[in-house]
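Containing mmCIF, C-alpha atoms: protein-v3.cif.
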```
data_model
loop_
_atom_site.label_atom_id
_atom_site.label_comp_id
_atom_site.auth_asym_id
_atom_site.auth_seq_id
_atom_site.Cartn_x
_atom_site.Cartn_y
_atom_site.Cartn_z
CA MET A 1 -22.86 42.46 30.84
CA LYS A 2 -20.52 41.79 27.97
CA LEU A 3 -20.47 38.14 26.96
CA SER A 4 -17.07 36.47 26.86
CA PHE A 5 -16.00 33.44 24.86
CA GLN A 6 -12.79 31.64 25.74
CA LYS A 7 -12.57 30.03 22.29
CA GLU A 8 -13.38 31.22 18.80
CA ARG A 9 -14.84 28.76 16.29
CA LEU A 10 -18.61 28.35 16.10
CA ALA A 11 -20.44 26.00 13.75
CA ILE A 12 -24.12 26.77 13.21
CA ILE A 13 -25.96 23.82 11.71
CA GLY A 14 -29.17 24.90 10.02
CA GLY A 15 -27.65 28.36 9.71
CA SER A 16 -29.83 29.49 6.82
CA CYS A 17 -32.91 30.01 9.01
CA GLU A 18 -33.68 33.48 10.34
CA ILE A 19 -32.53 32.66 13.86
CA GLY A 20 -29.32 31.18 12.48
CA GLN A 21 -28.56 34.30 10.48
CA ILE A 22 -29.28 36.62 13.42
CA LEU A 23 -27.18 34.43 15.71
CA ALA A 24 -24.37 34.56 13.16
CA ARG A 25 -24.38 38.37 13.15
CA GLN A 26 -24.40 38.48 16.96
CA ALA A 27 -21.59 35.94 17.18
CA LEU A 28 -19.46 37.86 14.68
CA GLN A 29 -19.84 40.96 16.84
CA CYS A 30 -18.39 38.93 19.71
CA GLY A 31 -15.35 38.02 17.62
CA LEU A 32 -16.29 34.44 16.83
CA LYS A 33 -15.35 32.81 13.53
CA LEU A 34 -18.18 30.94 11.90
CA LEU A 35 -19.04 27.92 9.85
CA LEU A 36 -22.57 28.49 8.58
CA ALA A 37 -24.03 25.20 7.42
CA SER A 38 -27.22 24.87 5.48
CA SER A 39 -28.96 21.76 4.25
CA SER A 40 -28.77 22.47 0.52
CA ARG A 41 -26.91 24.45 -2.13
CA GLU A 42 -30.11 26.44 -2.66
CA SER A 43 -30.08 27.68 0.92
CA GLN A 44 -26.29 28.09 0.98
CA GLU A 45 -26.25 30.64 -1.85
CA PRO A 46 -28.24 33.36 -0.05
CA LEU A 47 -25.92 32.94 2.97
CA GLN A 48 -22.91 33.45 0.74
CA ARG A 49 -24.44 36.69 -0.52
CA LEU A 50 -25.52 37.93 2.91
CA PHE A 51 -22.12 37.29 4.46
CA GLU A 52 -20.00 38.06 1.42
CA SER A 53 -17.89 40.66 3.19
CA GLU A 54 -17.24 38.43 6.21
CA ILE A 55 -16.42 35.49 3.97
CA SER A 56 -13.83 37.53 2.10
CA GLN A 57 -12.29 38.53 5.45
CA GLY A 58 -12.08 34.90 6.54
CA ALA A 59 -14.48 35.33 9.45
CA VAL A 60 -17.22 33.19 7.92
CA GLU A 61 -17.29 30.08 5.77
CA THR A 62 -20.33 28.27 4.49
CA ALA A 63 -20.97 24.61 3.80
CA VAL A 64 -23.74 22.20 2.98
CA ILE A 65 -24.31 19.78 5.85
CA ARG A 66 -27.21 17.38 5.62
CA LEU A 67 -28.06 15.43 8.73
CA GLU A 68 -28.72 12.31 6.67
CA ASP A 69 -25.41 12.50 4.80
CA PRO A 70 -22.44 11.64 7.06
CA GLU A 71 -19.99 12.49 4.26
CA SER A 72 -21.20 16.09 4.41
CA HIS A 73 -20.33 16.22 8.13
CA LYS A 74 -16.61 15.83 7.39
CA VAL A 75 -16.24 19.56 6.87
CA LEU A 76 -16.40 19.76 10.68
CA ASP A 77 -13.07 17.88 10.92
CA ARG A 78 -11.36 20.67 9.02
CA PHE A 79 -13.19 23.55 10.75
CA SER A 80 -12.79 21.90 14.16
CA PRO A 81 -15.44 23.82 16.08
CA HIS A 82 -15.18 24.83 19.71
CA TYR A 83 -18.90 25.64 19.71
CA LEU A 84 -21.82 24.00 17.96
CA VAL A 85 -25.38 25.24 17.63
CA ASP A 86 -27.80 22.74 16.17
CA LEU A 87 -30.79 24.39 14.55
CA ALA A 88 -31.27 21.68 11.95
CA GLN A 89 -34.70 20.13 11.71
CA PRO A 90 -36.14 17.96 8.97
CA ASP A 91 -39.82 18.42 8.30
CA TYR A 92 -42.57 15.86 8.45
CA GLU A 93 -46.01 16.34 9.89
CA ALA A 94 -48.83 13.84 9.79
CA LEU A 95 -51.27 12.24 12.16
CA THR A 96 -49.70 9.25 13.86
CA ALA A 97 -52.36 6.93 12.51
CA SER A 98 -51.97 8.07 8.92
CA ALA A 99 -48.25 8.67 8.55
CA ASP A 100 -46.36 7.10 5.66
CA GLU A 101 -43.89 4.53 6.99
CA GLU A 102 -41.23 5.35 4.42
CA GLN A 103 -41.45 9.06 5.22
CA VAL A 104 -41.28 8.31 8.94
CA HIS A 105 -38.20 6.14 8.46
CA ARG A 106 -36.48 8.81 6.40
CA PHE A 107 -37.43 11.52 8.88
CA PHE A 108 -36.03 9.67 11.89
CA SER A 109 -32.94 8.55 9.98
CA ALA A 110 -32.09 12.18 9.43
CA SER A 111 -33.28 13.76 12.63
CA LEU A 112 -31.93 11.10 14.99
CA SER A 113 -29.32 8.84 13.40
CA GLY A 114 -27.94 11.62 11.24
CA ARG A 115 -27.98 14.09 14.08
CA SER A 116 -26.24 11.59 16.35
CA ALA A 117 -23.49 11.12 13.76
CA LEU A 118 -23.06 14.89 13.47
CA LEU A 119 -22.89 15.28 17.23
CA LYS A 120 -20.37 12.43 17.48
CA ARG A 121 -18.09 14.05 14.92
CA SER A 122 -18.34 17.44 16.62
CA LEU A 123 -17.59 16.01 20.06
CA ARG A 124 -14.53 14.16 18.77
CA CYS A 125 -13.17 17.44 17.38
CA MET A 126 -13.78 19.02 20.76
CA ILE A 127 -12.09 16.19 22.67
CA SER A 128 -8.82 16.84 20.91
CA GLN A 129 -9.17 20.54 21.74
CA LYS A 130 -10.10 19.83 25.35
CA PHE A 131 -13.00 22.27 25.07
CA GLY A 132 -16.46 22.23 23.62
CA ARG A 133 -19.90 23.67 24.01
CA VAL A 134 -22.88 22.23 22.16
CA VAL A 135 -26.32 23.84 22.18
CA PHE A 136 -29.36 22.11 20.75
CA VAL A 137 -32.31 24.25 19.80
CA SER A 138 -35.29 22.12 20.63
CA SER A 139 -38.91 23.20 21.09
CA THR A 140 -41.66 23.15 23.67
CA ALA A 141 -43.10 20.58 21.27
CA ALA A 142 -40.66 18.13 22.89
CA ASP A 143 -42.98 18.23 25.87
CA ARG A 144 -46.36 19.35 24.52
CA ILE A 145 -47.70 18.07 21.26
CA ASN A 146 -49.95 19.67 18.68
CA PRO A 147 -51.91 17.25 16.47
CA GLY A 148 -49.80 16.27 13.49
CA GLN A 149 -46.54 16.94 15.30
CA ALA A 150 -45.88 13.51 16.77
CA PHE A 151 -42.74 12.95 14.73
CA TYR A 152 -41.41 16.46 15.23
CA SER A 153 -42.08 16.15 18.95
CA ALA A 154 -40.53 12.69 19.20
CA SER A 155 -37.40 13.71 17.33
CA LYS A 156 -36.91 16.86 19.41
CA SER A 157 -37.41 14.93 22.63
CA ALA A 158 -34.97 12.19 21.65
CA ALA A 159 -32.40 14.64 20.35
CA GLU A 160 -32.57 16.51 23.66
CA LYS A 161 -31.43 13.33 25.37
CA LEU A 162 -28.48 12.97 22.98
CA TYR A 163 -27.32 16.46 23.80
CA GLU A 164 -27.92 16.10 27.53
CA ALA A 165 -25.95 12.85 27.51
CA ALA A 166 -23.06 14.59 25.77
CA GLY A 167 -22.78 17.06 28.62
CA ILE A 168 -22.93 14.32 31.24
CA GLU A 169 -20.42 12.04 29.53
CA MET A 170 -17.96 14.70 28.49
CA GLY A 171 -18.26 17.32 31.22
CA ARG A 172 -14.99 16.36 32.88
CA LYS A 173 -13.25 16.70 29.54
CA GLY A 174 -14.28 20.34 29.26
CA ILE A 175 -17.21 19.68 26.92
CA THR A 176 -20.66 20.78 28.04
CA SER A 177 -24.10 20.99 26.55
CA ALA A 178 -27.34 22.89 26.84
CA VAL A 179 -30.76 22.56 25.30
CA LEU A 180 -32.98 25.52 24.58
CA ARG A 181 -36.71 24.90 24.24
CA PRO A 182 -38.29 27.94 22.62
CA GLY A 183 -42.05 28.24 22.46
CA TYR A 184 -43.81 29.92 19.55
CA ILE A 185 -41.44 32.14 17.60
CA ALA A 186 -42.45 34.67 14.98
CA SER A 187 -40.15 33.03 12.46
CA GLY A 188 -39.81 30.02 10.21
CA ARG A 189 -42.09 27.11 11.06
CA GLY A 190 -43.55 29.16 13.92
CA ASN A 191 -45.32 31.25 11.33
CA ARG A 192 -47.29 28.18 10.31
CA PHE A 193 -48.85 27.94 13.73
CA ARG A 194 -49.02 31.48 14.84
CA THR A 195 -52.61 32.61 14.69
CA GLY A 196 -52.29 35.91 16.51
CA GLN A 197 -54.60 36.39 19.44
CA GLU A 198 -55.47 32.71 19.69
CA VAL A 199 -51.87 31.76 20.46
CA GLU A 200 -51.01 34.87 22.45
CA GLN A 201 -53.86 34.17 24.86
CA LEU A 202 -52.05 30.98 25.88
CA ILE A 203 -48.87 32.86 26.77
CA PRO A 204 -48.62 34.64 30.14
CA THR A 205 -46.37 37.36 28.68
CA GLY A 206 -48.95 37.94 25.97
CA ARG A 207 -46.73 37.52 22.95
CA VAL A 208 -44.69 35.02 20.98
CA LEU A 209 -40.89 35.13 20.90
CA ASN A 210 -39.03 37.14 18.34
CA PRO A 211 -36.01 35.63 16.56
CA GLN A 212 -33.62 38.29 17.94
CA GLU A 213 -34.18 37.40 21.56
CA THR A 214 -34.07 33.70 20.72
CA ALA A 215 -30.67 34.17 19.07
CA GLN A 216 -29.45 36.26 22.01
CA THR A 217 -30.38 33.49 24.42
CA ILE A 218 -28.54 30.92 22.32
CA LEU A 219 -25.51 33.20 22.29
CA PHE A 220 -25.67 33.52 26.07
CA LEU A 221 -25.82 29.73 26.40
CA LEU A 222 -22.63 29.50 24.36
CA SER A 223 -20.81 32.06 26.49
CA ASP A 224 -18.40 31.50 29.36
CA SER A 225 -21.06 32.66 31.85
CA ALA A 226 -23.36 29.77 30.96
CA LEU A 227 -20.94 26.85 30.86
CA GLN A 228 -22.12 25.48 34.20
CA ILE A 229 -25.62 25.18 32.73
CA ASN A 230 -24.74 21.70 31.61
CA ALA A 231 -26.83 18.83 30.29
CA SER A 232 -29.89 20.90 31.07
CA VAL A 233 -33.00 22.10 29.28
CA ILE A 234 -33.97 25.78 29.39
CA THR A 235 -37.51 26.63 28.37
CA MET A 236 -38.13 30.02 26.80
CA ASP A 237 -41.81 30.41 26.03
CA GLY A 238 -43.18 33.33 27.98
CA GLY A 239 -44.38 30.88 30.63
CA MET A 240 -46.77 29.08 28.28
CA SER A 241 -45.84 25.56 29.33
CA ARG A 242 -46.12 26.44 33.03
CA ALA A 243 -49.53 28.04 32.88
CA LYS A 244 -53.00 26.67 33.30
CA MET A 245 -54.76 29.23 31.16
CA LEU A 246 -58.52 29.27 30.87
CA MET B 1 5.22 -7.73 18.42
CA THR B 2 7.51 -5.99 20.87
CA ALA B 3 7.49 -2.79 22.82
CA ASP B 4 10.28 -1.48 20.53
CA ASN B 5 7.86 -1.18 17.63
CA GLU B 6 7.74 2.49 16.58
CA HIS B 7 3.98 2.52 16.33
CA PHE B 8 3.73 0.94 19.74
CA LYS B 9 5.91 3.60 21.29
CA LYS B 10 3.56 6.28 19.99
CA LEU B 11 0.55 4.35 21.22
CA GLN B 12 2.22 3.93 24.59
CA LEU B 13 2.61 7.70 24.90
CA ILE B 14 -1.00 8.28 23.96
CA ILE B 15 -2.25 5.85 26.59
CA SER B 16 0.22 7.14 29.16
CA GLU B 17 -0.88 10.74 28.75
CA ILE B 18 -4.59 10.04 28.73
CA MET B 19 -4.57 7.67 31.65
CA ASP B 20 -1.71 9.22 33.58
CA ILE B 21 0.22 5.94 33.73
CA ASP B 22 3.96 5.39 33.52
CA PRO B 23 4.71 4.31 29.93
CA LEU B 24 6.77 1.42 31.29
CA ASP B 25 3.57 -0.01 32.76
CA ILE B 26 2.02 -0.10 29.30
CA GLN B 27 3.18 -3.16 27.43
CA PRO B 28 1.75 -4.96 24.41
CA GLU B 29 0.37 -7.69 26.67
CA SER B 30 -1.23 -5.23 29.12
CA PHE B 31 -4.99 -5.56 29.40
CA LEU B 32 -6.33 -2.08 28.84
CA VAL B 33 -9.51 -2.38 30.91
CA ARG B 34 -8.77 -5.31 33.18
CA GLU B 35 -5.33 -4.14 34.33
CA LEU B 36 -4.89 -0.51 33.31
CA GLU B 37 -8.49 0.26 34.33
CA ALA B 38 -9.39 2.24 31.24
CA GLU B 39 -12.94 3.57 31.30
CA SER B 40 -15.19 4.33 28.33
CA ILE B 41 -14.21 7.97 28.28
CA ASP B 42 -10.51 6.99 28.31
CA LEU B 43 -11.06 4.70 25.34
CA LEU B 44 -12.84 7.49 23.50
CA GLU B 45 -9.90 9.83 24.05
CA ILE B 46 -7.48 7.12 22.99
CA ALA B 47 -9.49 6.64 19.79
CA VAL B 48 -9.43 10.34 18.98
CA ASP B 49 -5.68 10.60 19.58
CA MET B 50 -5.00 7.44 17.61
CA ALA B 51 -6.88 8.86 14.64
CA ALA B 52 -4.88 12.07 14.81
CA GLU B 53 -1.49 10.42 15.40
CA PHE B 54 -1.75 7.65 12.82
CA GLY B 55 -4.02 9.31 10.27
CA ILE B 56 -6.54 6.47 10.20
CA GLU B 57 -10.29 6.30 10.65
CA ILE B 58 -11.14 4.64 13.96
CA GLU B 59 -14.24 2.52 14.40
CA ASP B 60 -14.44 2.46 18.17
CA GLU B 61 -16.40 -0.78 18.42
CA LYS B 62 -13.89 -2.57 16.20
CA VAL B 63 -10.68 -1.32 17.79
CA PHE B 64 -11.90 -1.84 21.36
CA LEU B 65 -13.63 -5.19 20.70
CA THR B 66 -16.69 -3.63 22.33
CA ARG B 67 -19.28 -6.11 21.09
CA LEU B 68 -17.08 -9.20 21.03
CA ARG B 69 -18.94 -11.12 23.73
CA VAL B 70 -22.32 -10.45 22.13
CA GLU B 71 -21.01 -11.38 18.71
CA ILE B 72 -19.59 -14.76 19.68
CA GLU B 73 -22.35 -15.66 22.13
CA SER B 74 -24.33 -17.83 19.77
CA ALA B 75 -21.73 -18.26 17.02
CA PRO B 76 -21.05 -21.91 16.07
CA SER B 77 -17.36 -21.06 15.82
CA PRO B 78 -16.25 -18.17 18.03
CA GLN B 79 -12.87 -18.00 16.28
CA GLU B 80 -14.45 -17.72 12.84
CA LYS B 81 -16.77 -15.02 14.07
CA ILE B 82 -13.89 -13.07 15.64
CA ARG B 83 -11.86 -13.33 12.43
CA SER B 84 -14.74 -12.01 10.34
CA VAL B 85 -15.59 -9.09 12.60
CA TYR B 86 -12.05 -8.19 13.69
CA PRO B 87 -9.81 -8.95 10.68
CA HIS B 88 -6.95 -6.98 12.19
CA LEU B 89 -6.33 -9.63 14.88
CA SER B 90 -3.66 -12.27 14.24
CA PHE B 91 -4.41 -15.97 14.05
CA ASP B 92 -2.77 -16.60 17.41
CA ARG B 93 -4.65 -13.76 19.04
CA VAL B 94 -7.97 -15.05 17.75
CA GLU B 95 -7.21 -18.46 19.22
CA GLU B 96 -6.23 -16.88 22.54
CA ILE B 97 -9.25 -14.63 23.09
CA PRO B 98 -11.92 -17.27 23.89
CA ARG B 99 -9.60 -18.67 26.60
CA GLU B 100 -9.25 -15.24 28.19
CA LEU B 101 -12.93 -14.32 28.29
CA ALA B 102 -13.67 -15.88 31.65
CA ASP B 103 -11.21 -13.57 33.41
CA GLY B 104 -12.73 -10.28 32.27
CA PRO B 105 -12.36 -7.76 29.45
CA VAL B 106 -9.90 -9.17 26.91
CA LEU B 107 -8.72 -5.98 25.20
CA LYS B 108 -4.95 -5.70 25.13
CA CYS B 109 -2.69 -2.88 23.98
CA SER B 110 -1.40 -5.21 21.28
CA ASP B 111 -4.95 -5.32 19.84
CA LEU B 112 -4.87 -1.56 19.34
CA LEU B 113 -1.48 -1.85 17.67
CA ALA B 114 -2.80 -4.60 15.42
CA TYR B 115 -5.66 -2.32 14.37
CA ILE B 116 -3.30 0.54 13.60
CA GLU B 117 -0.95 -1.60 11.52
CA PHE B 118 -3.82 -3.32 9.70
CA HIS B 119 -5.25 0.02 8.64
CA LYS B 120 -1.87 1.43 7.71
CA GLY B 121 -1.16 -1.61 5.58
CA VAL B 122 1.85 -2.68 7.61
#
```

Same coordinates, now as structure tokens:
Amino acid sequence: MKLSFQKERLAIIGGSCEIGQILARQALQCGLKLLLASSSRESQEPLQRLFESEISQGAVETAVIRLEDPESHKVLDRFSPHYLVDLAQPDYEALTASADEEQVHRFFSASLSGRSALLKRSLRCMISQKFGRVVFVSSTAADRINPGQAFYSASKSAAEKLYEAAGIEMGRKGITSAVLRPGYIASGRGNRFRTGQEVEQLIPTGRVLNPQETAQTILFLLSDSALQINASVITMDGGMSRAKML
Amino acid sequence: MTADNEHFKKLQLIISEIMDIDPLDIQPESFLVRELEAESIDLLEIAVDMAAEFGIEIEDEKVFLTRLRVEIESAPSPQEKIRSVYPHLSFDRVEEIPRELADGPVLKCSDLLAYIEFHKGV
């Protein structure tokens, strides 16, 4: 099945991660034009090198978008995305009873208030275009918590609700949303937790996800075929969260 | 403020298109929610189109007087509170609003026009 996309401009927030880069390549093959946003100049520069040819052809542009900096979100007004994939995720892990209050405040300011502002700006661009599709890449951590991940889990769970609400509120205006909850992925922060056999024994399919299939699923959720999957959460974890494994 | 105002004519068209209402039914004194039955999603669309048409930043809660009742609830002087939170409203309008509260949502089309002209320095 060849995926079709009725519109053309895709913004990938948190585009410097491996999944973001793979998704970008897949999206370019489908004819989409991209805004690849990373959270710092340091992570933007490698993207500019990797996509140098596409940038020179006008198919890709890069930008720095920090969740906690609403000024940096204004680039979305100019790009005016039809599609948004949100892979951005600030990092803070600590036991609930020992977390630093200042760090917690900063973490939630970025991951919730900042994310909400970014989503608001994106949706308003989409309203004027009478089309939009927003996909939030969450985690099975939104539902099941590892020790030390309370804040990560809480922010993913809350952000899911923001994205679900967007699809409910805006559905009649041609703007829909989906949330993808991947399980363990052999990429990025997943490599912190992946301990080989120990993790794979928890997964009915016997392996963790790879970033390629994760990106492919995100791309499918953006496509015309998936638009009626609205305001809904799709779990992609090999069945881990459904299983009672001994 | 009359319906002949150029800015108002543009605003009238925006509201007419979004809410599928005859422009002649949209007058400065029309209550947007109470009479024209605008819903939240309509107001959001109006805000987006206003920003594009007039080239101004729209703060939805300010232009639509969203939190007005909460803000004046325990204020010693409702008029002073309204003036401080909604500086785009005229003196007469500020005096009028508390009298209108009992009958429902007070937002009028003229309030949107006042916001536009305040932010365009008219």

I'd like the residues picked by the PyMOL selection byres ((chain B) within 10 of (chain A)) written out as a PyMOL selection string, using the chain letters and numbers from the file.
chain B and resi 40-41+44-45+47-49+52

Spatial neighbours of Gly31 in chain A, max dist 9 Å, all atoms listed in the file, sep filter under 2 positions, as a count of residues only:
7

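CA of Lys74 in chain A to CA of Glu39 in chain B spans 27.1 Å [interatomic distance, one decimal].
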
Fewer than 3 positions away in the same chain doesn't count, so skip those; otherwise give me all residues within 10 Å of Gly238 in chain A, counting all atoms listed in the file, as an NGL selection string.
:A and (182-184 or 200 or 202-209 or 235 or 241-243)

Convert the output of the PyMOL selection byres ((chain B and resi 72) around 12) on the shown file into explicit residues, formatted as a PyMOL selection string.
chain B and resi 65-71+73-86+94+97-98+101

How far is it from CA of Val64 in chain A to CA of Ser39 in chain A, in Å with one decimal?
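These two atoms are separated by 5.4 Å.
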
Contacts of Gln26 in chain A at 9 Å or less, counting all atoms listed in the file, minus same-chain residues fewer than 5 places along, as JSON, numbers by chain?
{"A": [21, 215, 216, 219]}
